[in-house]
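Note sheet for the following structure.
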Amino acid sequence: MSLDLNLPQQEAVRHTGTPLLVLAGAGSGKTRVITQKIAYLIGERGMPARHIAAVTFTNKAAREMKARVGRLLGQTPEGLRISTFHALGLDIIRREARHLGLRPGFSIYDNQDSANLIRDLMCRSFGDDGKQAERTQWRISAWKNDFLQPEQVLLEDKSDAISAAAMRVYADYNRHLRTCNAVDFDDLIMLPVLLFREQPEILDKWRSRIRYLLIDEYQDTNATQYELVRALVGERQGLTVVGDDDQSIYAWRGACPENLARLQTDFPDLRVIKLEQNYRSMGRILKAANALIGNNPHVYEKRLWSDLGYGDPIRVIRTANEEDEAERIVAELLHHRFQKGSRFGDYAILYRGNHQSRLFEKQLALHNVPYYLSGGTSFFAYSEIKDIMAYLRLVTNPEDDNAFLRIVNTPRREIGPTSVEALVRFAASRHSHLLNACFDNAIHSELKTRAVNSIQAFANWVVDMSQRVAAGESVEVVRDIIRDIGYETWLIDNCKEREDAERRMGNVNDLVEWISRLSREQKEGGLGEVIRRLTLLDMLDRDDDNARDQVSLMTLHAAKGLEFDCVFLVGFEENLLPHRASIEEGNIEEERRLAYVGLTRARRELTLSFAARRKRHGEIVECEPSRFLDELPADDLDWSGRDNNLSDEEKKARGRGHLAGLRKLLATE
DNA sequence: TGGGGTGATATTTTT
DNA sequence: TATCACCCCA
């Protein structure tokens, strides 16, 4: 084992007899523990790599972990599974597909596909307008994350309109997914758990396959993911989870930080090891972060420390409004960079909501500062990518009615909405899939000859392509499909700008490139498996992001796991952080953790800023500094930033170091 | 078929 | 207020 581990880290790596919970504070080297432990299990315990699985939440984390293990061992061992929860679930589902009633070539629906399906169901089956489809989808997803099946939800309260709508479509939605030979993201976790419950012999098979399970960011697991973990670990003790309850910021999307405490009861032999030495931040930043998070209740107490020195005071900047804030922060950043000769990449501007990025973007652009903005549209949300993916889904899974509907008339094929509707009705009456229904001779009674001809020509072409896929072709078919449908011409005709069409076609070519690469790596499952893996991938999270020298602009959520020399945490205000909605829900603790995550991103310097007034929904509103400012040690704050726009009275209040006094003044200002 | 008018909405987001 | 999705009309 390498010697660059501290004592608790070494203990965590070596402990294997019983399940282990590693409480790893921010910057305490948790990924290092996981990667070293994998190396230890293989290298010193002689455990075959194929029996080890490490699970993360994002592709990026999985990729990084893989790379680090590879570096430790000289190569990534054959059979070692390092993947996201969803990819692990997909692995299980693919191998057990027939037990789940899925045919080979099954599709994965992303959130947008699911919402489309739900919209259809709401309109067709319930006469709803389908306007709330996205929220309904969200609610159903929340149920699936809580491991609640449709029949269990009936017991739930149905007071609000969304829940009521969701309850009506939930079961139907699942049925439709299965009829289309499709699963959604949440099913990737839930179906394996259901299968394991019903068929213990299959569970046994997987238990003997995965004998040691390591989980990163454990505080982000939801109820269903926990069930999957519990099923796989069983009576065996091969489990190491690493997490930090103080960095749990995803409860709103189903994460269940209580899973940390539940381990203790579900695994009585649980060993708990705390990692409290922080290798990232200066002492003062940690002191402030500790003070803040000390206001939250804790199951496990922990106190971060570091030996990197105390560091400069945390600067607090107040400006008159949000425009001044952006101007001021960017000016400070430039000034600082000039003085220290640092790189743009050393800076991050963090905020609570995406909309806050705008003014900062504007200021940075004004000064020609290169910046990286996280949280744009994902690659798979582009309509050209969705189109091509729909084609590929349909040829790998002819039962995928959703894909059929998306592309039957894109590009134009003279199959208008009337024909499509008639086809849908006809297929439903025959309990047939759309593609299949096209070949039914009875269709002539429903549609005009011309429409039938167009539809059958299309259907025949799809079947031709399917057969080529079934015969084992992959990239070649993809290229031919794009050529056959004349997609490039269609893009050029449908874009106002030339560059627009070129950009979109560029995206399509990138997609083909990815498919070609994955096809080479992927040995089993053919094009269908490539498409499924692709659906789980986000091609935008490229590695070279931080290689470029850019200022990072991102939400606090997006910043988790990252670190920067110099952090500006902006909009440190009541109603923003903590967010208004959270205050109303009484959910201050998660907001405090969010602030904590923000503070602990900083290595050397930290600046907090807030505005006295801010435009909200077009109205100018008075703002108060965040209550979290009161929770930071006053002695470590420096309010003396130049030109703080304070009146004399405010300065007096500030001099006393009492925020309360300042706040009173601000309130009456 | 595309542009403009209309109305709903306004935290965080990965897979 | 800004944005976006959707619908309707020319």
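Here, A, B, ... name the chains of the structure tokens in the order displayed, residue numbers run from 1 inside each chain, and ligands are numbered from 1 in the same displayed order.
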Pull out every residue of chain B sitting within 7 Å of chain A, counting only C-alpha atoms (C1' of nucleotides), and send them as an MDAnalysis selection string. chainID B and resid 11:12 14:15
Distance limit 12 Å, atoms considered: only C-alpha atoms (C1' of nucleotides). Which chain C residues sit that close to chain A? Return them as a PyMOL selection string. chain C and resi 1-3+5-6
Determine which residues of segment 378-530 of chain A receive a DSSP assignment of alpha helix (DSSP H), computed from the backbone, and state them as a CSV table (one decimal) with N, CA, C and O atoms, in the first residue's frame.
chain,number,residue,atom,x,y,z
A,383,SER,N,-32.1,18.7,-30.8
A,383,SER,CA,-33.1,18.0,-31.5
A,383,SER,C,-32.5,17.1,-32.6
A,383,SER,O,-33.0,16.0,-32.9
A,384,GLU,N,-31.4,17.5,-33.2
A,384,GLU,CA,-30.8,16.7,-34.2
A,384,GLU,C,-30.3,15.3,-33.6
A,384,GLU,O,-30.4,14.3,-34.3
A,385,ILE,N,-29.8,15.4,-32.4
A,385,ILE,CA,-29.3,14.2,-31.8
A,385,ILE,C,-30.5,13.3,-31.4
A,385,ILE,O,-30.5,12.1,-31.6
A,386,LYS,N,-31.6,13.9,-30.9
A,386,LYS,CA,-32.8,13.2,-30.5
A,386,LYS,C,-33.4,12.5,-31.8
A,386,LYS,O,-33.8,11.4,-31.7
A,387,ASP,N,-33.3,13.2,-32.9
A,387,ASP,CA,-33.8,12.6,-34.1
A,387,ASP,C,-33.1,11.4,-34.5
A,387,ASP,O,-33.6,10.3,-34.7
A,388,ILE,N,-31.8,11.5,-34.6
A,388,ILE,CA,-30.9,10.4,-35.0
A,388,ILE,C,-31.1,9.2,-34.0
A,388,ILE,O,-31.2,8.0,-34.4
A,389,MET,N,-31.0,9.6,-32.8
A,389,MET,CA,-31.2,8.5,-31.7
A,389,MET,C,-32.5,7.8,-31.9
A,389,MET,O,-32.6,6.6,-31.7
A,390,ALA,N,-33.6,8.5,-32.2
A,390,ALA,CA,-34.9,7.9,-32.4
A,390,ALA,C,-34.8,6.9,-33.6
A,390,ALA,O,-35.3,5.8,-33.5
A,391,TYR,N,-34.2,7.3,-34.7
A,391,TYR,CA,-34.0,6.3,-35.8
A,391,TYR,C,-33.3,5.1,-35.3
A,391,TYR,O,-33.7,4.0,-35.6
A,392,LEU,N,-32.2,5.3,-34.6
A,392,LEU,CA,-31.4,4.2,-34.2
A,392,LEU,C,-32.1,3.3,-33.2
A,392,LEU,O,-32.0,2.1,-33.2
A,393,ARG,N,-32.9,3.9,-32.3
A,393,ARG,CA,-33.7,3.1,-31.4
A,393,ARG,C,-34.8,2.3,-32.2
A,393,ARG,O,-35.0,1.1,-31.8
A,394,LEU,N,-35.4,2.9,-33.1
A,394,LEU,CA,-36.4,2.2,-33.9
A,394,LEU,C,-35.8,1.0,-34.6
A,394,LEU,O,-36.4,-0.1,-34.7
A,395,VAL,N,-34.7,1.2,-35.2
A,395,VAL,CA,-34.1,0.0,-36.0
A,395,VAL,C,-33.6,-1.0,-35.1
A,395,VAL,O,-33.5,-2.2,-35.5
A,396,THR,N,-33.2,-0.7,-33.8
A,396,THR,CA,-32.7,-1.7,-32.9
A,396,THR,C,-33.9,-2.3,-32.1
A,396,THR,O,-33.8,-3.4,-31.6
A,401,ASP,N,-42.5,2.6,-30.1
A,401,ASP,CA,-43.5,3.5,-30.7
A,401,ASP,C,-43.2,4.9,-30.6
A,401,ASP,O,-43.5,5.8,-31.4
A,402,ASN,N,-42.6,5.3,-29.5
A,402,ASN,CA,-42.2,6.7,-29.2
A,402,ASN,C,-41.2,7.2,-30.3
A,402,ASN,O,-41.4,8.3,-30.8
A,403,ALA,N,-40.2,6.3,-30.5
A,403,ALA,CA,-39.3,6.7,-31.5
A,403,ALA,C,-39.9,6.8,-32.9
A,403,ALA,O,-39.7,7.7,-33.7
A,404,PHE,N,-40.8,5.8,-33.2
A,404,PHE,CA,-41.5,5.8,-34.5
A,404,PHE,C,-42.2,7.1,-34.7
A,404,PHE,O,-42.1,7.8,-35.7
A,405,LEU,N,-43.0,7.6,-33.6
A,405,LEU,CA,-43.7,8.8,-33.8
A,405,LEU,C,-42.8,10.0,-34.0
A,405,LEU,O,-43.2,11.0,-34.7
A,406,ARG,N,-41.7,10.0,-33.4
A,406,ARG,CA,-40.8,11.2,-33.5
A,406,ARG,C,-40.3,11.4,-34.9
A,406,ARG,O,-40.2,12.5,-35.4
A,407,ILE,N,-40.0,10.2,-35.6
A,407,ILE,CA,-39.3,10.4,-36.9
A,407,ILE,C,-40.1,10.0,-38.1
A,407,ILE,O,-39.6,10.1,-39.2
A,417,PRO,N,-50.1,14.6,-39.8
A,417,PRO,CA,-50.7,14.3,-38.5
A,417,PRO,C,-52.0,13.4,-38.7
A,417,PRO,O,-52.2,12.5,-37.8
A,418,THR,N,-52.8,13.7,-39.7
A,418,THR,CA,-54.0,12.9,-39.9
A,418,THR,C,-53.7,11.4,-40.1
A,418,THR,O,-54.3,10.5,-39.5
A,419,SER,N,-52.8,11.2,-41.0
A,419,SER,CA,-52.4,9.8,-41.2
A,419,SER,C,-51.8,9.1,-40.0
A,419,SER,O,-52.1,8.0,-39.7
A,420,VAL,N,-50.9,9.9,-39.3
A,420,VAL,CA,-50.3,9.3,-38.1
A,420,VAL,C,-51.4,9.0,-37.1
A,420,VAL,O,-51.4,7.9,-36.5
A,421,GLU,N,-52.3,9.9,-36.9
A,421,GLU,CA,-53.4,9.6,-35.9
A,421,GLU,C,-54.2,8.4,-36.3
A,421,GLU,O,-54.5,7.5,-35.4
A,422,ALA,N,-54.5,8.3,-37.5
A,422,ALA,CA,-55.2,7.1,-38.0
A,422,ALA,C,-54.5,5.8,-37.7
A,422,ALA,O,-55.0,4.8,-37.3
A,423,LEU,N,-53.2,5.9,-38.0
A,423,LEU,CA,-52.3,4.7,-37.8
A,423,LEU,C,-52.3,4.4,-36.3
A,423,LEU,O,-52.4,3.2,-36.0
A,424,VAL,N,-52.2,5.4,-35.5
A,424,VAL,CA,-52.1,5.1,-34.0
A,424,VAL,C,-53.4,4.4,-33.6
A,424,VAL,O,-53.4,3.4,-32.8
A,425,ARG,N,-54.6,5.0,-34.0
A,425,ARG,CA,-55.8,4.4,-33.7
A,425,ARG,C,-55.9,2.9,-34.2
A,425,ARG,O,-56.3,2.0,-33.5
A,426,PHE,N,-55.5,2.8,-35.4
A,426,PHE,CA,-55.6,1.4,-36.0
A,426,PHE,C,-54.7,0.4,-35.2
A,426,PHE,O,-55.1,-0.7,-34.9
A,427,ALA,N,-53.5,0.9,-34.9
A,427,ALA,CA,-52.5,0.0,-34.2
A,427,ALA,C,-53.1,-0.4,-32.8
A,427,ALA,O,-53.1,-1.5,-32.4
A,428,ALA,N,-53.7,0.6,-32.2
A,428,ALA,CA,-54.3,0.4,-30.8
A,428,ALA,C,-55.4,-0.7,-30.9
A,428,ALA,O,-55.5,-1.6,-30.1
A,429,SER,N,-56.2,-0.5,-32.0
A,429,SER,CA,-57.4,-1.5,-32.1
A,429,SER,C,-56.9,-2.9,-32.4
A,429,SER,O,-57.6,-3.8,-32.0
A,434,LEU,N,-46.7,0.2,-33.8
A,434,LEU,CA,-47.0,1.1,-35.0
A,434,LEU,C,-46.3,0.5,-36.2
A,434,LEU,O,-46.9,0.5,-37.3
A,435,LEU,N,-45.0,0.1,-36.1
A,435,LEU,CA,-44.3,-0.3,-37.2
A,435,LEU,C,-45.0,-1.6,-37.8
A,435,LEU,O,-45.1,-1.7,-39.0
A,436,ASN,N,-45.4,-2.5,-36.9
A,436,ASN,CA,-46.0,-3.7,-37.3
A,436,ASN,C,-47.3,-3.4,-38.0
A,436,ASN,O,-47.7,-4.0,-39.1
A,437,ALA,N,-48.1,-2.5,-37.5
A,437,ALA,CA,-49.4,-2.2,-38.0
A,437,ALA,C,-49.3,-1.7,-39.5
A,437,ALA,O,-50.2,-1.9,-40.3
A,449,THR,N,-54.9,5.5,-50.0
A,449,THR,CA,-53.8,4.7,-50.6
A,449,THR,C,-52.5,5.4,-50.6
A,449,THR,O,-51.4,4.8,-50.4
A,450,ARG,N,-52.5,6.7,-50.8
A,450,ARG,CA,-51.3,7.4,-50.9
A,450,ARG,C,-50.6,7.4,-49.6
A,450,ARG,O,-49.4,7.2,-49.5
A,451,ALA,N,-51.3,7.6,-48.5
A,451,ALA,CA,-50.7,7.6,-47.2
A,451,ALA,C,-50.2,6.2,-46.9
A,451,ALA,O,-49.1,6.0,-46.3
A,452,VAL,N,-51.0,5.1,-47.2
A,452,VAL,CA,-50.5,3.8,-47.0
A,452,VAL,C,-49.2,3.5,-47.7
A,452,VAL,O,-48.2,2.9,-47.2
A,453,ASN,N,-49.1,4.0,-49.0
A,453,ASN,CA,-47.9,3.8,-49.7
A,453,ASN,C,-46.7,4.5,-49.0
A,453,ASN,O,-45.6,3.8,-48.9
A,454,SER,N,-46.8,5.7,-48.6
A,454,SER,CA,-45.7,6.4,-47.9
A,454,SER,C,-45.3,5.6,-46.7
A,454,SER,O,-44.2,5.4,-46.4
A,455,ILE,N,-46.3,5.3,-45.9
A,455,ILE,CA,-46.1,4.6,-44.6
A,455,ILE,C,-45.4,3.3,-44.8
A,455,ILE,O,-44.4,2.9,-44.1
A,456,GLN,N,-45.9,2.5,-45.8
A,456,GLN,CA,-45.3,1.2,-46.0
A,456,GLN,C,-43.9,1.3,-46.6
A,456,GLN,O,-43.0,0.5,-46.2
A,457,ALA,N,-43.6,2.3,-47.4
A,457,ALA,CA,-42.3,2.5,-47.9
A,457,ALA,C,-41.3,2.8,-46.8
A,457,ALA,O,-40.2,2.2,-46.7
A,458,PHE,N,-41.8,3.7,-45.9
A,458,PHE,CA,-41.0,4.0,-44.7
A,458,PHE,C,-40.8,2.7,-43.8
A,458,PHE,O,-39.6,2.4,-43.4
A,459,ALA,N,-41.8,2.0,-43.6
A,459,ALA,CA,-41.8,0.8,-42.7
A,459,ALA,C,-40.8,-0.2,-43.3
A,459,ALA,O,-40.0,-0.8,-42.6
A,460,ASN,N,-40.9,-0.4,-44.6
A,460,ASN,CA,-40.0,-1.4,-45.3
A,460,ASN,C,-38.6,-1.0,-45.1
A,460,ASN,O,-37.7,-1.8,-44.9
A,461,TRP,N,-38.4,0.3,-45.3
A,461,TRP,CA,-37.0,0.8,-45.1
A,461,TRP,C,-36.4,0.5,-43.7
A,461,TRP,O,-35.3,0.0,-43.5
A,462,VAL,N,-37.3,0.8,-42.7
A,462,VAL,CA,-36.9,0.6,-41.3
A,462,VAL,C,-36.6,-0.9,-41.1
A,462,VAL,O,-35.6,-1.3,-40.5
A,463,VAL,N,-37.4,-1.8,-41.7
A,463,VAL,CA,-37.2,-3.2,-41.5
A,463,VAL,C,-35.9,-3.6,-42.2
A,463,VAL,O,-35.1,-4.4,-41.6
A,464,ASP,N,-35.6,-3.1,-43.3
A,464,ASP,CA,-34.3,-3.4,-44.0
A,464,ASP,C,-33.2,-3.1,-43.1
A,464,ASP,O,-32.2,-3.8,-42.9
A,465,MET,N,-33.2,-1.9,-42.5
A,465,MET,CA,-32.1,-1.4,-41.6
A,465,MET,C,-32.1,-2.3,-40.4
A,465,MET,O,-31.0,-2.7,-40.0
A,466,SER,N,-33.2,-2.7,-39.9
A,466,SER,CA,-33.2,-3.6,-38.7
A,466,SER,C,-32.5,-4.9,-39.0
A,466,SER,O,-31.8,-5.4,-38.2
A,467,GLN,N,-32.8,-5.4,-40.2
A,467,GLN,CA,-32.2,-6.7,-40.5
A,467,GLN,C,-30.7,-6.6,-40.6
A,467,GLN,O,-30.0,-7.5,-40.2
A,468,ARG,N,-30.2,-5.5,-41.1
A,468,ARG,CA,-28.8,-5.3,-41.2
A,468,ARG,C,-28.2,-5.2,-39.8
A,468,ARG,O,-27.1,-5.7,-39.5
A,469,VAL,N,-28.9,-4.5,-38.9
A,469,VAL,CA,-28.5,-4.4,-37.5
A,469,VAL,C,-28.5,-5.8,-36.9
A,469,VAL,O,-27.5,-6.2,-36.2
A,470,ALA,N,-29.5,-6.6,-37.1
A,470,ALA,CA,-29.6,-7.9,-36.6
A,470,ALA,C,-28.5,-8.8,-37.1
A,470,ALA,O,-28.0,-9.7,-36.4
A,475,VAL,N,-21.9,0.7,-37.3
A,475,VAL,CA,-21.7,2.0,-37.8
A,475,VAL,C,-22.1,2.2,-39.2
A,475,VAL,O,-22.6,3.3,-39.6
A,476,GLU,N,-21.9,1.1,-40.0
A,476,GLU,CA,-22.2,1.2,-41.4
A,476,GLU,C,-23.7,1.6,-41.6
A,476,GLU,O,-24.0,2.4,-42.4
A,477,VAL,N,-24.6,0.9,-40.8
A,477,VAL,CA,-26.0,1.2,-40.9
A,477,VAL,C,-26.3,2.6,-40.5
A,477,VAL,O,-27.1,3.3,-41.1
A,478,VAL,N,-25.6,3.0,-39.4
A,478,VAL,CA,-25.9,4.4,-38.9
A,478,VAL,C,-25.6,5.4,-40.0
A,478,VAL,O,-26.4,6.3,-40.3
A,479,ARG,N,-24.4,5.2,-40.7
A,479,ARG,CA,-24.1,6.1,-41.8
A,479,ARG,C,-25.1,6.1,-42.9
A,479,ARG,O,-25.5,7.1,-43.4
A,480,ASP,N,-25.5,4.9,-43.2
A,480,ASP,CA,-26.5,4.7,-44.3
A,480,ASP,C,-27.8,5.3,-44.0
A,480,ASP,O,-28.5,5.9,-44.8
A,481,ILE,N,-28.2,5.2,-42.7
A,481,ILE,CA,-29.5,5.8,-42.3
A,481,ILE,C,-29.5,7.3,-42.5
A,481,ILE,O,-30.4,7.9,-43.1
A,482,ILE,N,-28.4,7.9,-42.0
A,482,ILE,CA,-28.3,9.3,-42.1
A,482,ILE,C,-28.3,9.8,-43.6
A,482,ILE,O,-28.9,10.8,-43.9
A,483,ARG,N,-27.6,9.0,-44.4
A,483,ARG,CA,-27.6,9.3,-45.8
A,483,ARG,C,-29.0,9.1,-46.5
A,483,ARG,O,-29.5,10.0,-47.1
A,484,ASP,N,-29.6,7.9,-46.2
A,484,ASP,CA,-30.9,7.6,-46.8
A,484,ASP,C,-31.9,8.7,-46.5
A,484,ASP,O,-32.7,9.0,-47.4
A,487,TYR,N,-30.5,13.6,-44.2
A,487,TYR,CA,-30.6,14.5,-43.0
A,487,TYR,C,-29.9,15.8,-43.2
A,487,TYR,O,-30.4,16.8,-42.7
A,488,GLU,N,-28.8,15.7,-43.8
A,488,GLU,CA,-28.0,17.0,-44.0
A,488,GLU,C,-28.8,18.0,-44.8
A,488,GLU,O,-28.9,19.2,-44.4
A,489,THR,N,-29.3,17.6,-45.9
A,489,THR,CA,-30.1,18.5,-46.8
A,489,THR,C,-31.3,19.0,-45.9
A,489,THR,O,-31.6,20.2,-46.0
A,490,TRP,N,-31.9,18.2,-45.2
A,490,TRP,CA,-33.0,18.6,-44.4
A,490,TRP,C,-32.6,19.7,-43.4
A,490,TRP,O,-33.3,20.7,-43.2
A,491,LEU,N,-31.5,19.5,-42.8
A,491,LEU,CA,-30.9,20.5,-41.8
A,491,LEU,C,-30.7,21.8,-42.5
A,491,LEU,O,-31.1,22.9,-42.0
A,492,ILE,N,-30.1,21.7,-43.7
A,492,ILE,CA,-29.8,23.0,-44.4
A,492,ILE,C,-31.1,23.7,-44.7
A,492,ILE,O,-31.2,24.9,-44.6
A,493,ASP,N,-32.1,22.9,-45.2
A,493,ASP,CA,-33.4,23.5,-45.5
A,493,ASP,C,-34.1,24.1,-44.4
A,493,ASP,O,-34.9,25.0,-44.5
A,494,ASN,N,-33.8,23.6,-43.2
A,494,ASN,CA,-34.6,24.0,-42.0
A,494,ASN,C,-33.9,24.9,-41.1
A,494,ASN,O,-34.4,25.3,-40.0
A,498,ARG,N,-26.6,29.3,-42.2
A,498,ARG,CA,-25.8,28.3,-42.7
A,498,ARG,C,-25.0,27.6,-41.6
A,498,ARG,O,-24.9,26.4,-41.5
A,499,GLU,N,-24.4,28.4,-40.7
A,499,GLU,CA,-23.6,27.9,-39.7
A,499,GLU,C,-24.4,27.0,-38.7
A,499,GLU,O,-23.9,26.1,-38.2
A,500,ASP,N,-25.6,27.4,-38.6
A,500,ASP,CA,-26.5,26.6,-37.7
A,500,ASP,C,-26.6,25.2,-38.2
A,500,ASP,O,-26.5,24.3,-37.4
A,501,ALA,N,-26.9,25.1,-39.5
A,501,ALA,CA,-27.0,23.7,-40.1
A,501,ALA,C,-25.7,23.0,-40.0
A,501,ALA,O,-25.6,21.8,-39.7
A,502,GLU,N,-24.6,23.7,-40.2
A,502,GLU,CA,-23.3,23.1,-40.1
A,502,GLU,C,-23.0,22.6,-38.7
A,502,GLU,O,-22.4,21.5,-38.5
A,503,ARG,N,-23.3,23.4,-37.7
A,503,ARG,CA,-23.1,23.1,-36.3
A,503,ARG,C,-23.9,21.8,-36.0
A,503,ARG,O,-23.4,20.8,-35.4
A,504,ARG,N,-25.1,21.8,-36.4
A,504,ARG,CA,-26.0,20.6,-36.1
A,504,ARG,C,-25.5,19.4,-36.8
A,504,ARG,O,-25.4,18.3,-36.2
A,505,MET,N,-25.1,19.5,-38.0
A,505,MET,CA,-24.5,18.4,-38.7
A,505,MET,C,-23.2,17.9,-38.0
A,505,MET,O,-22.9,16.7,-38.0
A,506,GLY,N,-22.5,18.9,-37.5
A,506,GLY,CA,-21.3,18.6,-36.8
A,506,GLY,C,-21.6,17.7,-35.6
A,506,GLY,O,-20.9,16.7,-35.3
A,507,ASN,N,-22.7,18.1,-34.9
A,507,ASN,CA,-23.1,17.3,-33.7
A,507,ASN,C,-23.5,15.8,-34.2
A,507,ASN,O,-23.1,14.9,-33.5
A,508,VAL,N,-24.2,15.7,-35.3
A,508,VAL,CA,-24.5,14.4,-35.8
A,508,VAL,C,-23.3,13.6,-36.1
A,508,VAL,O,-23.2,12.4,-35.7
A,509,ASN,N,-22.3,14.3,-36.7
A,509,ASN,CA,-21.1,13.5,-37.0
A,509,ASN,C,-20.3,13.1,-35.7
A,509,ASN,O,-19.8,12.0,-35.7
A,510,ASP,N,-20.4,14.0,-34.7
A,510,ASP,CA,-19.8,13.6,-33.4
A,510,ASP,C,-20.5,12.4,-32.9
A,510,ASP,O,-19.8,11.5,-32.4
A,511,LEU,N,-21.8,12.3,-33.0
A,511,LEU,CA,-22.6,11.2,-32.5
A,511,LEU,C,-22.1,9.9,-33.3
A,511,LEU,O,-21.9,8.9,-32.6
A,512,VAL,N,-22.0,10.0,-34.6
A,512,VAL,CA,-21.5,8.8,-35.3
A,512,VAL,C,-20.1,8.4,-34.9
A,512,VAL,O,-19.9,7.2,-34.7
A,513,GLU,N,-19.3,9.4,-34.6
A,513,GLU,CA,-17.9,9.1,-34.2
A,513,GLU,C,-18.0,8.3,-32.8
A,513,GLU,O,-17.3,7.3,-32.7
A,514,TRP,N,-18.9,8.8,-31.9
A,514,TRP,CA,-19.0,8.1,-30.7
A,514,TRP,C,-19.5,6.7,-30.8
A,514,TRP,O,-19.1,5.7,-30.2
A,515,ILE,N,-20.5,6.5,-31.7
A,515,ILE,CA,-21.0,5.2,-32.0
A,515,ILE,C,-19.9,4.3,-32.5
A,515,ILE,O,-19.8,3.1,-32.1
A,516,SER,N,-19.1,4.8,-33.4
A,516,SER,CA,-18.1,4.0,-34.0
A,516,SER,C,-17.1,3.6,-32.9
A,516,SER,O,-16.6,2.4,-32.8
A,517,ARG,N,-16.8,4.5,-32.0
A,517,ARG,CA,-15.8,4.2,-30.9
A,517,ARG,C,-16.4,3.2,-30.0
A,517,ARG,O,-15.7,2.2,-29.6
A,518,LEU,N,-17.6,3.4,-29.6
A,518,LEU,CA,-18.3,2.5,-28.6
A,518,LEU,C,-18.4,1.1,-29.3
A,518,LEU,O,-18.3,0.1,-28.6
A,519,SER,N,-18.7,1.0,-30.6
A,519,SER,CA,-18.9,-0.2,-31.2
A,519,SER,C,-17.6,-1.1,-31.2
A,519,SER,O,-17.7,-2.3,-31.0
A,520,ARG,N,-16.5,-0.4,-31.3
A,520,ARG,CA,-15.3,-1.1,-31.2
A,520,ARG,C,-15.0,-1.7,-29.8
A,520,ARG,O,-14.6,-2.8,-29.6
A,521,GLU,N,-15.4,-0.9,-28.8
A,521,GLU,CA,-15.2,-1.3,-27.4
A,521,GLU,C,-16.2,-2.4,-27.0
A,521,GLU,O,-15.9,-3.3,-26.2
A,526,GLY,N,-24.3,-5.7,-29.6
A,526,GLY,CA,-24.4,-5.1,-30.9
A,526,GLY,C,-24.8,-3.6,-30.8
A,526,GLY,O,-24.6,-2.9,-29.8
A,527,LEU,N,-25.4,-3.1,-31.8
A,527,LEU,CA,-25.8,-1.7,-31.9
A,527,LEU,C,-26.7,-1.3,-30.8
A,527,LEU,O,-26.6,-0.2,-30.2
A,528,GLY,N,-27.6,-2.2,-30.5
A,528,GLY,CA,-28.6,-1.9,-29.4
A,528,GLY,C,-27.9,-1.5,-28.1
A,528,GLY,O,-28.3,-0.5,-27.5
A,529,GLU,N,-26.9,-2.3,-27.8
A,529,GLU,CA,-26.2,-2.0,-26.5
A,529,GLU,C,-25.4,-0.7,-26.6
A,529,GLU,O,-25.4,0.1,-25.7
A,530,VAL,N,-24.9,-0.4,-27.8
A,530,VAL,CA,-24.2,0.8,-28.0
A,530,VAL,C,-25.1,2.0,-27.8
A,530,VAL,O,-24.8,3.0,-27.1
Give the strand (DSSP E) residues of segment 234-395 of chain A, as assigned by DSSP on the backbone, as a list in words.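 Restricting segment 234-395 of chain A to strand (DSSP E) produces Leu239, Thr240, Val241, Val242, Gly243, Arg271, Val272, Ile273, Lys274, Leu275, Ile314, Arg315, Val316, Ile317, Arg318, Thr319, Tyr347, Ala348, Ile349, Leu350, Tyr351, Tyr371, Tyr372 and Leu373 of chain A.
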What's the 10 Å shell around Asn295 of chain A, counting only C-alpha atoms (C1' of nucleotides), without same-chain residues fewer than 5 positions away, as a list in words?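 So the residues in contact are Asn290, Glu589, Arg592, Phe628 and Glu631 of chain A.
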Atoms kept (C-alpha atoms) for selection, written as a PDB file, in the first residue's frame:
ATOM      1  CA  ASN A 290     -17.093  24.011  10.528  1.00  0.00           C
ATOM      2  CA  GLU A 589     -30.487  22.572   6.689  1.00  0.00           C
ATOM      3  CA  ARG A 592     -26.786  25.372   4.903  1.00  0.00           C
ATOM      4  CA  PHE A 628     -25.495  32.110   7.215  1.00  0.00           C
ATOM      5  CA  GLU A 631     -23.060  31.856  11.587  1.00  0.00           C
TER       6      GLU A 631
END
Write out as a PDB file with C-alpha atoms, in the first residue's frame each polymer residue whose atoms come within 9 Å of Gln277 of chain A, counting only C-alpha atoms (C1' of nucleotides); drop sequence neighbours fewer than 4 positions from it.
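This went into selection-v1.pdb:
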ATOM      1  CA  ASN A   6      -2.781   9.058   6.641  1.00  0.00           C
ATOM      2  CA  GLY A  25     -15.222  15.374   5.038  1.00  0.00           C
ATOM      3  CA  GLY A  27     -11.287  17.462   0.652  1.00  0.00           C
ATOM      4  CA  SER A  28     -10.245  14.574   2.890  1.00  0.00           C
ATOM      5  CA  GLY A  29      -9.205  12.271   0.075  1.00  0.00           C
ATOM      6  CA  ARG A 303     -14.323  18.343  12.599  1.00  0.00           C
ATOM      7  CA  LEU A 304     -12.199  19.149   9.614  1.00  0.00           C
ATOM      8  CA  TRP A 305      -8.674  20.436  10.116  1.00  0.00           C
ATOM      9  CA  SER A 306      -5.751  21.137   7.886  1.00  0.00           C
ATOM     10  CA  ASP A 307      -2.073  21.907   8.237  1.00  0.00           C
TER      11      ASP A 307
END
For Ala255 of chain A, please output as a PyMOL selection string all residues within 8 Å (counting only C-alpha atoms (C1' of nucleotides); exclusion window: fewer than 2 positions along the same chain). chain A and resi 219-223+248+250-253+257
